[in-house]
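Structure data (compact mmCIF, C-alpha atoms) from work.txt:
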```txt
# COMPACT_ATOMS: atom_id res chain seq x y z
CA MET V 1 6.35 15.70 12.37
CA THR V 2 9.26 13.38 13.01
CA ASN V 3 11.96 12.81 10.41
CA TRP V 4 10.83 9.33 9.59
CA MET V 5 7.21 10.38 9.08
CA ALA V 6 8.32 13.22 6.80
CA GLY V 7 10.60 10.77 5.00
CA PHE V 8 7.76 8.32 4.44
CA ALA V 9 5.52 11.11 3.16
CA ASP V 10 8.24 12.14 0.74
CA LEU V 11 8.84 8.55 -0.32
CA LEU V 12 5.19 7.66 -0.87
CA MET V 13 4.04 10.96 -2.34
CA PRO V 14 6.79 12.95 -4.05
CA ASP V 15 4.34 14.97 -6.20
CA PRO V 16 3.69 18.61 -5.15
CA ALA V 17 -0.11 18.27 -4.81
CA ALA V 18 0.14 15.39 -2.34
CA ARG V 19 2.96 17.09 -0.43
CA MET V 20 0.84 20.24 -0.21
CA ALA V 21 -2.00 18.19 1.31
CA ILE V 22 0.40 16.71 3.88
CA ASP V 23 2.02 20.08 4.69
CA GLU V 24 -1.32 21.85 5.14
CA THR V 25 -2.64 19.05 7.36
CA ILE V 26 0.45 19.28 9.54
CA GLN V 27 0.11 23.07 9.67
CA ASP V 28 -3.51 22.67 10.85
CA TYR V 29 -2.21 20.36 13.56
CA ARG V 30 0.50 22.81 14.66
CA ASP V 31 -1.99 25.70 14.83
CA GLU V 32 -4.45 23.68 16.90
CA ARG V 33 -1.82 22.20 19.18
CA ALA V 34 -0.42 25.65 19.89
CA GLN V 35 -3.89 26.73 21.05
CA ALA V 36 -4.52 23.60 23.13
CA SER V 37 -4.62 24.52 26.81
CA SER V 38 -4.69 21.11 28.48
CA ALA V 39 -2.93 17.78 28.07
CA GLY V 40 -6.23 16.26 26.97
CA ALA V 41 -6.69 18.86 24.24
CA ARG V 42 -3.13 18.29 23.03
CA LEU V 43 -3.68 14.54 22.93
CA TRP V 44 -6.94 15.06 21.00
CA SER V 45 -5.15 17.21 18.41
CA ASP V 46 -2.46 14.50 18.11
CA VAL V 47 -5.13 11.89 17.43
CA GLN V 48 -6.88 14.13 14.90
CA CYS V 49 -3.58 14.74 13.11
CA VAL V 50 -2.85 11.02 12.79
CA VAL V 51 -6.39 10.36 11.48
CA ALA V 52 -6.14 13.28 9.03
CA LEU V 53 -2.74 12.13 7.72
CA GLY V 54 -4.09 8.60 7.36
CA ARG V 55 -6.99 10.02 5.35
CA VAL V 56 -4.61 11.92 3.05
CA LEU V 57 -2.52 8.77 2.52
CA MET V 58 -5.60 6.66 1.82
CA LEU V 59 -7.13 9.13 -0.65
CA THR V 60 -3.77 9.55 -2.41
CA ALA V 61 -3.31 5.79 -2.62
CA VAL V 62 -6.81 5.39 -4.08
CA ARG V 63 -6.09 8.15 -6.61
CA ASP V 64 -2.80 6.48 -7.56
CA LEU V 65 -4.39 3.04 -7.65
CA VAL V 66 -6.66 4.01 -10.55
CA ALA V 67 -3.87 5.81 -12.41
CA ARG V 68 -2.64 4.24 -15.64
CA ASP V 69 1.01 4.53 -14.57
CA THR V 70 0.37 2.32 -11.55
CA TRP V 71 -0.97 -0.51 -13.66
CA ARG V 72 1.81 -0.07 -16.21
CA VAL V 73 4.32 -0.67 -13.39
CA VAL V 74 2.36 -3.57 -11.89
CA ALA V 75 1.74 -5.26 -15.26
CA SER V 76 5.43 -4.94 -16.17
CA CYS V 77 6.43 -6.41 -12.81
CA LEU V 78 4.04 -9.34 -13.37
CA VAL V 79 5.40 -10.11 -16.85
CA LEU V 80 9.00 -9.89 -15.63
CA SER V 81 8.20 -12.03 -12.58
CA VAL V 82 7.02 -14.87 -14.81
CA ALA V 83 10.06 -14.36 -17.07
CA VAL V 84 12.63 -14.57 -14.25
CA MET V 85 10.81 -17.39 -12.46
CA PRO V 86 13.36 -20.02 -13.64
CA VAL V 87 16.08 -18.23 -11.61
CA PHE V 88 14.10 -18.98 -8.46
CA VAL V 89 13.12 -22.48 -9.59
CA LEU V 90 16.40 -23.89 -10.93
CA PRO V 91 18.18 -24.39 -7.56
CA THR V 92 15.44 -26.80 -6.49
CA TRP V 93 14.41 -28.07 -9.92
CA THR V 94 15.01 -31.81 -9.24
CA ALA V 95 12.60 -31.76 -6.31
CA ARG V 96 10.05 -29.58 -8.10
CA GLN V 97 9.73 -31.10 -11.56
CA VAL V 98 7.49 -33.97 -10.43
CA VAL V 99 4.84 -31.36 -9.52
CA LEU V 100 4.51 -30.39 -13.18
CA THR V 101 3.24 -33.86 -14.11
CA PHE V 102 -0.10 -32.99 -12.47
CA PRO V 103 -2.59 -30.57 -14.10
CA SER V 104 -2.86 -28.36 -11.00
CA GLY V 105 0.88 -28.56 -10.51
CA THR V 106 1.63 -26.02 -13.22
CA ALA V 107 -0.79 -23.49 -11.75
CA PHE V 108 0.60 -24.03 -8.26
CA PHE V 109 4.15 -23.82 -9.57
CA VAL V 110 3.69 -20.62 -11.59
CA LEU V 111 1.60 -18.86 -8.93
CA THR V 112 4.05 -19.64 -6.13
CA PHE V 113 7.28 -18.74 -7.89
CA ALA V 114 5.95 -15.78 -9.85
CA THR V 115 4.64 -14.32 -6.57
CA LEU V 116 8.03 -14.88 -4.92
CA ALA V 117 9.74 -13.18 -7.87
CA PHE V 118 7.29 -10.26 -7.81
CA GLY V 119 8.81 -8.62 -4.70
CA PRO V 120 12.38 -8.31 -6.04
CA ILE V 121 11.11 -7.18 -9.45
CA ALA V 122 8.91 -4.53 -7.84
CA ALA V 123 11.93 -3.42 -5.79
CA LEU V 124 13.72 -2.51 -9.04
CA GLY V 125 11.61 0.63 -9.41
CA LEU V 126 10.62 0.19 -13.04
CA PHE V 127 9.99 3.40 -15.04
CA GLU V 128 11.61 5.46 -12.27
CA ARG V 129 14.64 7.63 -12.92
CA ALA V 130 16.98 9.50 -10.59
CA ASP V 131 15.63 12.85 -11.77
CA ARG V 132 12.03 11.67 -12.05
CA PRO V 133 10.75 9.97 -8.88
CA VAL V 134 7.43 8.20 -9.38
CA ARG V 135 4.59 7.88 -6.91
CA ILE V 136 4.88 4.49 -5.27
CA ALA V 137 1.72 4.63 -3.12
CA GLY V 138 -0.31 3.14 -6.01
CA PRO V 139 2.11 0.31 -6.87
CA LEU V 140 2.51 -0.40 -3.14
CA VAL V 141 -1.24 -0.82 -2.57
CA ALA V 142 -1.65 -2.70 -5.87
CA SER V 143 1.14 -5.16 -5.01
CA ALA V 144 -0.32 -5.67 -1.52
CA LEU V 145 -3.77 -6.40 -2.99
CA LEU V 146 -2.28 -8.68 -5.63
CA THR V 147 -0.29 -10.78 -3.18
CA LEU V 148 -3.28 -10.82 -0.84
CA VAL V 149 -5.45 -12.41 -3.54
CA VAL V 150 -2.77 -14.83 -4.74
CA MET V 151 -1.55 -15.91 -1.29
CA GLY V 152 -4.99 -15.69 0.29
CA TRP V 153 -7.01 -17.64 -2.25
CA LEU V 154 -5.29 -18.82 -5.44
CA ILE V 155 -2.21 -20.63 -4.10
CA PRO V 156 -4.11 -22.46 -1.31
CA ALA V 157 -6.75 -23.62 -3.85
CA ALA V 158 -4.09 -24.75 -6.31
CA GLY V 159 -2.20 -26.53 -3.51
CA GLN V 160 -5.32 -28.38 -2.41
CA SER V 161 -6.14 -29.42 -6.01
CA LEU V 162 -2.58 -30.62 -6.47
CA ARG V 163 -2.73 -32.76 -3.31
CA VAL V 164 -6.06 -34.28 -4.39
CA GLU V 165 -4.62 -35.14 -7.82
CA GLN V 166 -1.51 -36.66 -6.25
CA TRP V 167 -3.65 -38.67 -3.84
CA VAL V 168 -5.92 -39.92 -6.61
CA ASP V 169 -2.84 -40.89 -8.63
CA VAL V 170 -1.36 -42.85 -5.74
CA ALA V 171 -4.65 -44.51 -4.75
CA GLY V 172 -5.65 -45.44 -8.27
CA GLY V 173 -8.56 -43.04 -8.63
CA ARG V 174 -10.39 -44.13 -5.49
CA ALA V 175 -9.29 -41.50 -3.06
CA ILE V 176 -12.10 -39.77 -1.23
CA GLY V 177 -12.28 -39.05 2.44
CA SER V 178 -10.97 -37.16 5.39
CA ASN V 179 -7.40 -37.26 4.06
CA LEU V 180 -8.44 -34.78 1.39
CA LEU V 181 -9.72 -32.12 3.77
CA PRO V 182 -7.68 -28.91 3.35
CA GLY V 183 -4.87 -28.40 5.84
CA PRO V 184 -3.78 -25.07 7.33
CA ARG V 185 -1.75 -24.17 4.23
CA GLU V 186 -4.58 -25.11 1.88
CA LEU V 187 -7.34 -23.04 3.45
CA ASP V 188 -8.24 -19.71 1.91
CA LEU V 189 -7.60 -16.67 4.06
CA PRO V 190 -11.15 -16.17 5.49
CA SER V 191 -11.39 -19.88 6.39
CA LEU V 192 -7.95 -19.79 7.97
CA ILE V 193 -8.89 -16.74 10.04
CA ARG V 194 -12.14 -18.45 11.09
CA ARG V 195 -10.35 -21.64 12.11
CA SER V 196 -7.67 -19.71 13.98
CA TRP V 197 -10.36 -17.80 15.82
CA ASN V 198 -12.70 -20.70 16.58
CA ASP V 199 -10.17 -23.45 17.23
CA SER V 200 -8.11 -21.44 19.65
CA TRP V 201 -6.58 -24.64 20.99
CA ASN V 202 -5.21 -25.46 17.54
CA LEU V 203 -1.94 -23.63 17.18
CA ALA V 204 -1.35 -24.98 13.66
CA PHE V 205 -4.04 -22.72 12.19
CA SER V 206 -3.03 -19.58 14.05
CA GLN V 207 0.65 -20.08 13.23
CA ALA V 208 -0.19 -20.81 9.59
CA LEU V 209 -2.17 -17.55 9.53
CA VAL V 210 0.74 -15.57 10.95
CA LEU V 211 3.07 -17.11 8.37
CA ARG V 212 0.60 -16.44 5.54
CA VAL V 213 0.44 -12.77 6.51
CA ALA V 214 4.25 -12.67 6.44
CA PHE V 215 4.27 -13.96 2.86
CA ILE V 216 1.58 -11.46 1.84
CA LEU V 217 3.74 -8.62 3.18
CA VAL V 218 6.96 -9.75 1.51
CA ALA V 219 6.36 -8.08 -1.88
CA PRO V 220 5.21 -4.66 -0.53
CA THR V 221 8.09 -4.73 1.95
CA GLY V 222 10.61 -5.34 -0.84
CA LEU V 223 9.05 -2.59 -2.96
CA LEU V 224 9.22 -0.09 -0.09
CA LEU V 225 12.80 -1.02 0.84
CA GLY V 226 13.93 -0.70 -2.79
CA ALA V 227 12.31 2.74 -3.06
CA ALA V 228 13.94 3.83 0.22
CA ILE V 229 17.38 2.71 -1.00
CA ARG V 230 16.99 4.62 -4.28
CA ARG V 231 15.75 7.74 -2.50
CA ARG V 232 18.57 7.65 0.07
CA TRP V 233 21.47 7.51 -2.40
CA ARG V 234 19.98 8.75 -5.70
CA ASP V 235 22.34 11.74 -5.88
CA ARG V 236 25.48 9.84 -5.00
CA VAL V 237 25.36 6.36 -6.50
CA ASN V 238 24.78 5.10 -10.03
CA TRP V 239 21.07 4.52 -10.64
CA ARG V 240 21.54 0.96 -11.96
CA VAL V 241 23.57 0.07 -8.87
CA LEU V 242 20.74 1.38 -6.67
CA GLN V 243 18.16 -0.62 -8.59
CA LEU V 244 20.30 -3.74 -8.25
CA SER V 245 20.76 -3.08 -4.52
CA GLY V 246 16.97 -2.94 -4.02
CA PHE V 247 16.60 -6.13 -6.06
CA VAL V 248 19.24 -7.97 -4.02
CA ALA V 249 17.79 -6.73 -0.70
CA ALA V 250 14.32 -7.96 -1.73
CA ILE V 251 15.76 -11.34 -2.75
CA ALA V 252 17.45 -11.58 0.65
CA ILE V 253 14.07 -10.99 2.32
CA ILE V 254 12.36 -13.62 0.16
CA VAL V 255 15.07 -16.23 0.69
CA SER V 256 15.21 -15.62 4.47
CA VAL V 257 11.42 -15.78 4.83
CA GLY V 258 11.31 -18.91 2.61
CA LEU V 259 14.02 -20.67 4.62
CA GLY V 260 12.28 -19.80 7.89
CA HIS V 261 8.99 -21.11 6.53
CA ASP V 262 10.61 -24.35 5.31
CA ALA V 263 12.20 -24.84 8.73
CA TRP V 264 8.78 -24.37 10.38
CA SER V 265 7.13 -26.83 7.97
CA MET V 266 9.83 -29.48 8.39
CA ASN V 267 9.65 -29.13 12.15
CA PHE V 268 5.88 -29.71 11.97
CA VAL V 269 6.06 -32.59 9.48
CA ARG V 270 8.70 -34.39 11.54
CA GLY V 271 6.37 -34.33 14.51
CA ARG V 272 8.43 -31.96 16.62
CA GLY V 273 5.42 -29.77 17.21
CA LEU V 274 4.83 -26.14 16.41
CA SER V 275 7.69 -23.81 17.04
CA LEU V 276 6.92 -20.19 17.90
CA GLU V 277 10.64 -19.41 17.55
CA LEU V 278 10.52 -20.50 13.91
CA VAL V 279 7.48 -18.29 13.31
CA GLY V 280 9.58 -15.44 14.69
CA LEU V 281 12.40 -16.49 12.38
CA VAL V 282 10.05 -16.03 9.39
CA TRP V 283 9.08 -12.54 10.58
CA LEU V 284 12.62 -11.48 11.44
CA PRO V 285 13.71 -10.54 7.87
CA ILE V 286 10.50 -8.51 7.39
CA PHE V 287 11.04 -6.72 10.69
CA VAL V 288 14.68 -6.01 9.76
CA ALA V 289 13.57 -4.71 6.35
CA TRP V 290 11.05 -2.34 8.01
CA MET V 291 13.70 -1.08 10.43
CA ALA V 292 16.11 -0.56 7.52
CA THR V 293 13.40 1.30 5.58
CA ILE V 294 12.66 3.58 8.55
CA ALA V 295 16.38 4.25 9.03
CA LEU V 296 16.75 5.10 5.33
CA VAL V 297 13.73 7.43 5.12
CA ARG V 298 14.72 9.30 8.29
CA TRP V 299 17.49 10.91 6.30
CA ARG V 300 16.08 14.00 4.57
CA GLN V 301 17.60 15.56 1.52
CA THR V 302 18.97 18.98 2.36
CA LYS V 303 18.76 21.62 -0.30
CA ILE V 304 21.71 23.94 -0.43
CA PHE V 305 20.81 27.48 -1.48
CA VAL V 306 23.67 29.64 -2.64
CA GLU V 307 23.00 33.25 -1.77
CA THR V 308 24.13 35.71 -4.40
CA SER V 309 24.36 39.36 -3.69
CA MET B 1 -21.86 16.91 -12.16
CA LEU B 2 -19.68 17.95 -9.24
CA PRO B 3 -18.87 15.45 -6.49
CA LYS B 4 -20.57 16.29 -3.21
CA SER B 5 -17.37 17.40 -1.46
CA GLU B 6 -16.44 19.74 -4.34
CA ARG B 7 -19.93 21.20 -4.32
CA VAL B 8 -19.81 21.86 -0.57
CA ILE B 9 -16.39 23.52 -0.90
CA LEU B 10 -17.53 25.72 -3.79
CA SER B 11 -20.73 26.72 -1.94
CA LEU B 12 -18.73 27.76 1.13
CA LEU B 13 -16.10 29.60 -0.91
CA VAL B 14 -18.68 31.45 -3.01
CA ALA B 15 -20.51 32.48 0.18
CA SER B 16 -17.42 33.66 2.04
CA GLY B 17 -15.03 34.68 -0.73
CA ALA B 18 -11.86 33.12 0.67
CA CYS B 19 -11.14 30.50 3.32
CA TYR B 20 -8.40 28.38 4.86
CA GLY B 21 -8.78 24.62 4.63
CA LEU B 22 -9.56 24.20 8.33
CA GLU B 23 -12.16 27.00 8.18
CA LEU B 24 -13.92 25.09 5.41
CA VAL B 25 -13.88 21.92 7.52
CA ASN B 26 -15.33 23.74 10.53
CA ALA B 27 -17.98 25.53 8.45
CA SER B 28 -19.12 22.40 6.63
CA GLY B 29 -20.75 20.84 9.70
CA GLY B 30 -19.03 17.49 9.23
CA ALA B 31 -19.45 17.23 5.45
CA LEU B 32 -15.72 17.84 4.93
CA LYS B 33 -12.98 15.99 6.79
CA ARG B 34 -9.56 17.11 7.97
CA GLY B 35 -6.72 16.05 5.72
CA GLY B 36 -8.99 14.76 2.98
CA ILE B 37 -10.10 18.31 2.18
CA TYR B 38 -6.61 19.19 0.90
CA VAL B 39 -6.62 16.26 -1.52
CA THR B 40 -9.99 17.49 -2.80
CA LEU B 41 -8.78 21.11 -2.98
CA GLY B 42 -5.66 20.00 -4.89
CA ARG B 43 -7.86 18.16 -7.39
CA MET B 44 -10.16 21.19 -7.72
CA GLU B 45 -7.16 23.43 -8.30
CA GLU B 46 -6.00 21.12 -11.10
CA LYS B 47 -9.48 21.39 -12.64
CA GLY B 48 -9.38 25.17 -12.34
CA LEU B 49 -12.36 25.37 -9.98
CA VAL B 50 -10.42 27.09 -7.16
CA ARG B 51 -7.15 28.97 -6.85
CA SER B 52 -4.91 29.31 -3.84
CA GLY B 53 -2.51 31.88 -2.50
CA THR B 54 -0.70 32.70 0.72
CA GLY B 55 -2.82 34.55 3.28
CA GLU B 56 -1.83 37.09 5.92
CA THR B 57 -1.00 34.37 8.44
CA GLY B 58 1.21 32.54 5.98
CA ARG B 59 -1.38 29.80 5.49
CA ARG B 60 -2.76 28.83 2.12
CA VAL B 61 -6.07 30.58 1.31
CA TYR B 62 -8.52 29.25 -1.27
CA ARG B 63 -10.82 31.28 -3.51
CA PRO B 64 -13.33 30.18 -6.16
CA THR B 65 -12.44 30.90 -9.79
CA ALA B 66 -14.96 32.17 -12.34
CA LEU B 67 -15.12 28.63 -13.71
CA GLY B 68 -15.84 27.29 -10.21
CA GLU B 69 -18.65 29.81 -9.69
CA ARG B 70 -20.19 28.94 -13.07
CA ALA B 71 -19.92 25.20 -12.34
CA LEU B 72 -21.71 25.66 -9.01
CA SER B 73 -24.50 27.78 -10.47
CA ALA B 74 -24.96 25.27 -13.29
CA VAL B 75 -25.32 22.46 -10.74
CA LEU B 76 -27.81 24.49 -8.69
CA VAL B 77 -29.90 25.29 -11.80
CA PHE B 78 -29.81 21.64 -12.86
CA GLU B 79 -30.91 20.46 -9.42
CA GLY B 80 -33.68 23.08 -9.34
CA ARG B 81 -35.04 21.81 -12.64
CA LEU B 82 -34.88 18.21 -11.41
CA LYS B 83 -36.96 19.16 -8.36
CA LEU B 84 -39.51 20.96 -10.52
CA GLY B 85 -39.68 17.95 -12.83
CA ALA B 86 -40.22 15.61 -9.90
CA ARG B 87 -43.10 17.75 -8.57
CA ALA B 88 -44.75 17.87 -11.98
```

As structure tokens:
Amino acid sequence: MTNWMAGFADLLMPDPAARMAIDETIQDYRDERAQASSAGARLWSDVQCVVALGRVLMLTAVRDLVARDTWRVVASCLVLSVAVMPVFVLPTWTARQVVLTFPSGTAFFVLTFATLAFGPIAALGLFERADRPVRIAGPLVASALLTLVVMGWLIPAAGQSLRVEQWVDVAGGRAIGSNLLPGPRELDLPSLIRRSWNDSWNLAFSQALVLRVAFILVAPTGLLLGAAIRRRWRDRVNWRVLQLSGFVAAIAIIVSVGLGHDAWSMNFVRGRGLSLELVGLVWLPIFVAWMATIALVRWRQTKIFVETS
Amino acid sequence: MLPKSERVILSLLVASGACYGLELVNASGGALKRGGIYVTLGRMEEKGLVRSGTGETGRRVYRPTALGERALSAVLVFEGRLKLGARA
């Protein structure tokens, strides 16, 4: 097993039972690979090992997902995300406050900014201590599911309602028609996937889908990067400093992704067409964060045993 | 009641006495899967249904505990009575 795979296993499942499952699975793989006589047999044992490790990860994540600790972490992150929302809102308050005059505006406002704040808050590693690492597989899956639901269904629905209310307000209550059909950013995830698939000529839907997926991945990416930072330097750097570093790194991801997305939207609105480069710009911070996470988890803690005789 | 995978593991362990994880997978005829079996065995060990130790080859060997054997026989008796009840 490569260093980064072992590092990820250690990061996601620090508890002995899960590590034992991983170690035994890898030992099975080594035994079988040693007996494999042909290249085909070796490749088959490689495939079986990857599938078996994936199964261990999935079962562990499911076990962690139903654990009370997972939901304590996720619920705390949610409450804190709503509490720190003003920090994300204040820089653009003048442009945003008009939204709150519409009934759907508040829902759209809270959902959007609380979801953006969720990633950095999750990156703090709540309830985790330097001497007591917690399992993050559960919170990771829970945050991915949460952002999937919010970004996939709730925010698009709230955005569409808000636009209808604004249109009705402008048109004096007589606004019905094709102008109110949901756009790429207002379609729920299944509809967006369907439109991207069926209307292959329409780049707006496929690019909007790619951007939506980026936003769904932002919170889990921040959580994973924060955990990797804490694991990498937990014995050397003050714990609060590590928590703050994860928080700042996750904010950097959010801000970069947000700026890239705004640039893509403005480019589209101003009639300059759809820019694939700007889609790449949105994904760049996520890609960098993944590379940084892999680099951090590759480093394994070495235990120094002092021999006494 | 025991989950199906735990029941299969206990049946195989009671029949053979002690097994490695991969031996259980191979003997189960597809009922147990690689990787996943160790998560199940870890859970069973926490429940006290099996115990593990290091075998001659250095690999972890699993054996049923007295509690595990009693749990399996209780399940078999229960299922036997259900079948009798269904026939009647």

### Interatomic distance (Å, one decimal) between atom CA of Val241 of chain V and atom CA of Leu224 of chain V
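Atom-to-atom, atom CA of Val241 of chain V to atom CA of Leu224 of chain V, that is 16.8 Å.
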
### Task
Have a look at V:Ala289, V:Leu242, V:Ile253, V:Leu59 and name the one nearest to Arg129 of chain V; count all atoms listed in the file.
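Comparing V:Ala289, V:Leu242, V:Ile253, V:Leu59 against Arg129 of chain V, the winner is V:Leu242.
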
### Query
How many Å lie between atom CA of Val77 of chain B and atom CA of Val14 of chain B, rounded to one decimal?
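These atoms are spaced 15.5 Å apart.
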
Can you list every residue of chain V that has an atom at most 6 Å from chain B, with its nearest atom pair and the distance in Å to one decimal, using all atoms listed in the file, ordered by chain then number, as a Markdown table?
```
| residue | atom | partner | partner_atom | distance |
| --- | --- | --- | --- | --- |
| V:Ala17 | CA | B:Gly42 | CA | 5.8 |
| V:Ala21 | CA | B:Tyr38 | CA | 4.7 |
| V:Thr25 | CA | B:Gly35 | CA | 5.3 |
| V:Ala52 | CA | B:Gly35 | CA | 4.4 |
| V:Leu53 | CA | B:Gly35 | CA | 5.9 |
| V:Arg55 | CA | B:Gly36 | CA | 5.7 |
| V:Val56 | CA | B:Gly36 | CA | 5.2 |
```

### Selection: 12 Å around Ser11 of chain B, all atoms listed in the file, excl. self and same-chain fewer than 6 positions, as an MDAnalysis selection string
chainID B and resid 2 4:5 17:19 24 27:28 49:50 63:64 68:73 75:76

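Our summary of the geometry notes that atom CA of Thr57 of chain B is positioned 20.3 Å from atom CA of Leu12 of chain B.
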
#### Entry: Radius query 12 Å about (-2.0, 12.0, 12.9), atoms used: only C-alpha atoms, as an MDAnalysis selection string
(chainID V and resid 1:2 5 22 25:30 33 42:57) or (chainID B and resid 34:35)

### Query
Neighbours of segment 140-145 of chain V within 8 Å (all atoms listed in the file; same-chain residues fewer than 2 positions away dropped), as a PyMOL selection string?
chain V and resi 61+65+70+74+136-138+147-149+216-217+219-220+223-224

#### Entry: Of the listed residues V:Ile286, V:Ala41, V:Val99, V:Met13, that which approaches Thr60 of chain V most closely, counting only C-alpha atoms
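Among V:Ile286, V:Ala41, V:Val99, V:Met13, it is V:Met13 that comes nearest to Thr60 of chain V.
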
### Message
Set the distance at 12 Å and use only C-alpha atoms: which residues neighbour Leu111 of chain V once local chain neighbours fewer than 4 positions away are removed? I'd like the list as a PyMOL selection string.
### Response
chain V and resi 78+81-82+85+104-107+115-118+146-147+149-159
